[in-house]
file run-v2.cif (mmCIF, C-alpha atoms)
data_structure
#
loop_
_atom_site.label_atom_id
_atom_site.label_comp_id
_atom_site.auth_asym_id
_atom_site.auth_seq_id
_atom_site.Cartn_x
_atom_site.Cartn_y
_atom_site.Cartn_z
CA MET D 14 11.86 101.50 -8.09
CA ALA D 15 12.96 97.89 -8.15
CA VAL D 16 13.44 95.97 -4.90
CA ILE D 17 16.66 94.01 -4.74
CA ARG D 18 16.87 91.16 -2.29
CA TYR D 19 20.03 91.32 -0.17
CA ASN D 20 21.59 87.93 0.31
CA ASN D 21 24.40 87.56 2.84
CA ASP D 22 24.84 83.87 2.08
CA PHE D 23 28.44 83.28 0.98
CA GLU D 24 27.48 80.12 -0.91
CA ASP D 25 26.13 82.20 -3.82
CA PHE D 26 29.48 83.93 -4.38
CA PRO D 27 32.12 82.45 -6.69
CA ALA D 28 35.10 81.09 -4.72
CA GLY D 29 37.45 83.99 -5.53
CA LEU D 30 34.87 86.64 -4.70
CA ARG D 31 33.94 84.80 -1.48
CA LEU D 32 37.59 84.90 -0.30
CA PHE D 33 37.75 88.60 -1.12
CA GLN D 34 34.48 89.21 0.76
CA ASP D 35 35.79 87.23 3.76
CA SER D 36 39.00 89.26 3.80
CA LEU D 37 37.18 92.58 3.68
CA SER D 38 34.74 91.51 6.38
CA ARG D 39 37.56 90.52 8.70
CA LEU D 40 39.54 93.65 7.95
CA PHE D 41 36.72 96.00 8.89
CA SER D 42 34.67 94.11 11.45
CA GLU D 43 36.68 91.44 13.21
CA PRO D 44 38.90 92.02 16.26
CA ALA D 45 42.06 90.85 14.46
CA SER D 46 43.97 94.02 15.34
CA ARG D 47 43.09 93.69 19.02
CA PRO D 48 45.97 92.22 21.05
CA TRP D 49 45.35 88.86 22.64
CA SER D 50 45.73 88.44 26.36
CA PRO D 51 44.90 85.19 28.15
CA ALA D 52 42.65 85.21 31.21
CA VAL D 53 44.53 84.55 34.46
CA ASP D 54 43.23 83.65 37.93
CA VAL D 55 45.48 84.42 40.91
CA PHE D 56 44.86 82.93 44.35
CA GLU D 57 46.83 81.93 47.39
CA ASN D 58 46.59 79.35 50.10
CA GLU D 59 48.57 78.78 53.27
CA ASN D 60 51.76 77.66 51.52
CA GLU D 61 51.78 79.11 48.01
CA LEU D 62 50.62 81.69 45.47
CA VAL D 63 49.03 80.17 42.35
CA LEU D 64 48.37 81.63 38.90
CA LYS D 65 46.19 79.78 36.37
CA ALA D 66 46.26 81.02 32.77
CA ASP D 67 43.91 79.85 30.02
CA LEU D 68 46.15 79.01 27.06
CA PRO D 69 44.09 76.80 24.74
CA GLU D 70 45.94 75.56 21.65
CA VAL D 71 49.17 77.21 22.79
CA ASP D 72 52.23 75.00 22.48
CA PRO D 73 54.07 74.97 25.83
CA LYS D 74 57.29 75.47 23.83
CA ASN D 75 55.93 78.91 22.87
CA VAL D 76 55.44 80.00 26.50
CA GLY D 77 58.04 81.69 28.68
CA ILE D 78 57.92 82.40 32.41
CA GLN D 79 60.38 84.80 34.03
CA VAL D 80 60.64 85.97 37.63
CA GLU D 81 62.80 89.05 38.16
CA ASN D 82 62.80 91.91 40.69
CA GLY D 83 59.47 90.89 42.23
CA THR D 84 57.67 90.60 38.89
CA LEU D 85 56.47 87.44 37.17
CA THR D 86 56.27 87.82 33.39
CA LEU D 87 54.33 85.39 31.24
CA LYS D 88 55.02 85.54 27.49
CA GLY D 89 53.79 83.36 24.67
CA GLU D 90 52.19 83.03 21.30
CA ARG D 91 49.15 81.30 19.83
CA LYS D 92 49.77 80.67 16.15
CA PHE D 93 47.06 80.91 13.52
CA GLU D 94 46.51 77.89 11.26
CA GLU D 95 46.12 79.24 7.73
CA SER D 96 43.89 76.46 6.44
CA VAL D 97 41.70 73.75 7.84
CA ASN D 98 41.78 70.76 5.46
CA GLY D 99 41.98 73.09 2.46
CA LYS D 100 38.76 74.99 3.27
CA ALA D 101 38.36 78.71 3.84
CA TYR D 102 37.20 80.22 7.13
CA HIS D 103 33.78 81.87 7.27
CA ARG D 104 34.45 83.61 10.58
CA ILE D 105 37.44 84.11 12.83
CA GLU D 106 36.62 85.33 16.33
CA ARG D 107 39.46 83.93 18.41
CA SER D 108 42.54 86.11 18.74
CA TYR D 109 46.01 84.96 17.77
CA GLY D 110 49.53 86.24 18.10
CA SER D 111 51.94 87.13 20.87
CA PHE D 112 50.97 88.10 24.39
CA VAL D 113 52.72 89.38 27.52
CA ARG D 114 51.29 89.50 31.04
CA ALA D 115 53.19 90.84 34.06
CA PHE D 116 52.27 90.35 37.74
CA THR D 117 53.84 92.05 40.74
CA LEU D 118 54.65 89.46 43.37
CA PRO D 119 54.37 90.07 47.11
CA ASP D 120 57.52 89.95 49.25
CA THR D 121 56.22 86.79 50.89
CA VAL D 122 56.90 84.70 47.75
CA ASP D 123 60.13 82.74 47.35
CA ALA D 124 61.18 83.52 43.75
CA GLU D 125 63.58 80.55 43.78
CA LYS D 126 60.76 78.02 44.21
CA VAL D 127 58.62 78.28 41.08
CA LYS D 128 56.83 75.34 39.44
CA ALA D 129 54.83 75.30 36.21
CA ASP D 130 52.41 72.70 34.87
CA TYR D 131 50.44 72.68 31.60
CA LYS D 132 47.37 70.46 31.38
CA ASN D 133 44.20 70.64 29.26
CA GLY D 134 45.03 74.12 27.96
CA VAL D 135 45.59 75.60 31.44
CA LEU D 136 49.02 76.73 32.62
CA THR D 137 49.37 76.57 36.41
CA ILE D 138 52.27 78.48 37.96
CA THR D 139 52.92 77.77 41.64
CA LEU D 140 55.17 79.99 43.75
CA ALA D 141 56.05 78.80 47.25
CA LYS D 142 55.80 81.24 50.16
CA LYS D 143 58.79 81.99 52.35
CA GLU D 144 58.81 80.26 55.75
CA VAL D 145 58.52 83.65 57.49
CA ALA D 146 55.26 84.40 55.65
CA LYS D 147 53.49 81.19 56.60
CA PRO D 148 50.95 81.49 59.41
CA ARG D 149 51.82 79.77 62.66
CA THR D 150 49.93 78.99 65.80
CA VAL D 151 51.19 80.13 69.18
CA ASN D 152 49.82 78.44 72.28
CA ILE D 153 49.08 80.65 75.25
CA GLU D 154 50.04 79.35 78.63
CA VAL D 155 47.78 80.38 81.48
CA THR D 156 49.43 80.77 84.91
CA GLN D 157 47.68 81.41 88.24
#
call {"tool": "encode", "arguments": {"input": "run-v2.cif", "output": "structure tokens"}}
result
Amino acid sequence: MAVIRYNNDFEDFPAGLRLFQDSLSRLFSEPASRPWSPAVDVFENENELVLKADLPEVDPKNVGIQVENGTLTLKGERKFEESVNGKAYHRIERSYGSFVRAFTLPDTVDAEKVKADYKNGVLTITLAKKEVAKPRTVNIEVTQ
């Protein structure tokens, strides 16, 4: 029986066959069908509730923020670039496409005071707390 050396190096394939091989590999092994959802950190301080979403290479024009009935909804899309300087991809591991994230807001948040800032691929959404929800200090008077 003859031994055939398996070579997984795409450089040996003709260009057309290499593209076909890439397509089949992605179809059966890559997470392309998995929906994309950005990671979000949620924290609060004395005066506000803050959400930070990782949105690398997402155009802020493709992001929508909506606050309605105590729910903050974050929608957007990261678009896939078909070609990079006319060369074919060897591997695609990052997810692309539309996403939707929804967060239930506590009653202490003032839905009218929402700010958003996008810097270095991170979207920061700041929601001010209502005056009633802010902690306050009460001095105790001692009488004798």
call {"tool": "residues_around", "arguments": {"input": "run-v2.cif", "residues": "segment 116-123 of chain D", "least_positions_apart": "4", "cutoff": "12 Å", "atoms": "only C-alpha atoms", "output": "JSON, numbers by chain"}}
result
{"D": [53, 54, 55, 56, 57, 58, 59, 60, 61, 62, 63, 64, 78, 79, 80, 81, 82, 83, 84, 85, 86, 87, 88, 127, 128, 138, 139, 140, 141, 142, 143, 144, 145, 146, 147, 148]}
call {"tool": "atom_distance", "arguments": {"input": "run-v2.cif", "atom1": "atom CA of Pro48 of chain D", "atom2": "atom CA of Thr137 of chain D"}}
result
22.2 Å
call {"tool": "residues_near_point", "arguments": {"input": "run-v2.cif", "point": "(56.5, 81.4, 24.9)", "cutoff": "6 Å", "atoms": "all atoms listed in the file", "output": "PDB file with C-alpha atoms, in the coordinates of the input"}}
result
ATOM      1  CA  ASN D  75      55.930  78.910  22.870  1.00  0.00           C
ATOM      2  CA  VAL D  76      55.440  80.000  26.500  1.00  0.00           C
ATOM      3  CA  GLY D  77      58.040  81.690  28.680  1.00  0.00           C
ATOM      4  CA  LYS D  88      55.020  85.540  27.490  1.00  0.00           C
ATOM      5  CA  GLY D  89      53.790  83.360  24.670  1.00  0.00           C
ATOM      6  CA  GLU D  90      52.190  83.030  21.300  1.00  0.00           C
TER       7      GLU D  90
END
call {"tool": "atom_distance", "arguments": {"input": "run-v2.cif", "atom1": "atom CA of Tyr109 of chain D", "atom2": "atom CA of Val135 of chain D"}}
result
16.6 Å
call {"tool": "resolve_selection", "arguments": {"input": "run-v2.cif", "expression": "the PyMOL selection byres ((chain D and resi 69) around 7)", "output": "list in words"}}
result
Asp67, Leu68, Glu70, Val71, Gly134 and Val135 of chain D
call {"tool": "atom_distance", "arguments": {"input": "run-v2.cif", "atom1": "atom CA of Leu136 of chain D", "atom2": "atom CA of Phe112 of chain D"}}
result
14.2 Å
call {"tool": "closest_residue", "arguments": {"input": "run-v2.cif", "among": "D:Ala129, D:Val155, D:Ala52, D:Ala101", "to": "Pro73 of chain D", "atoms": "all atoms listed in the file"}}
result
D:Ala129
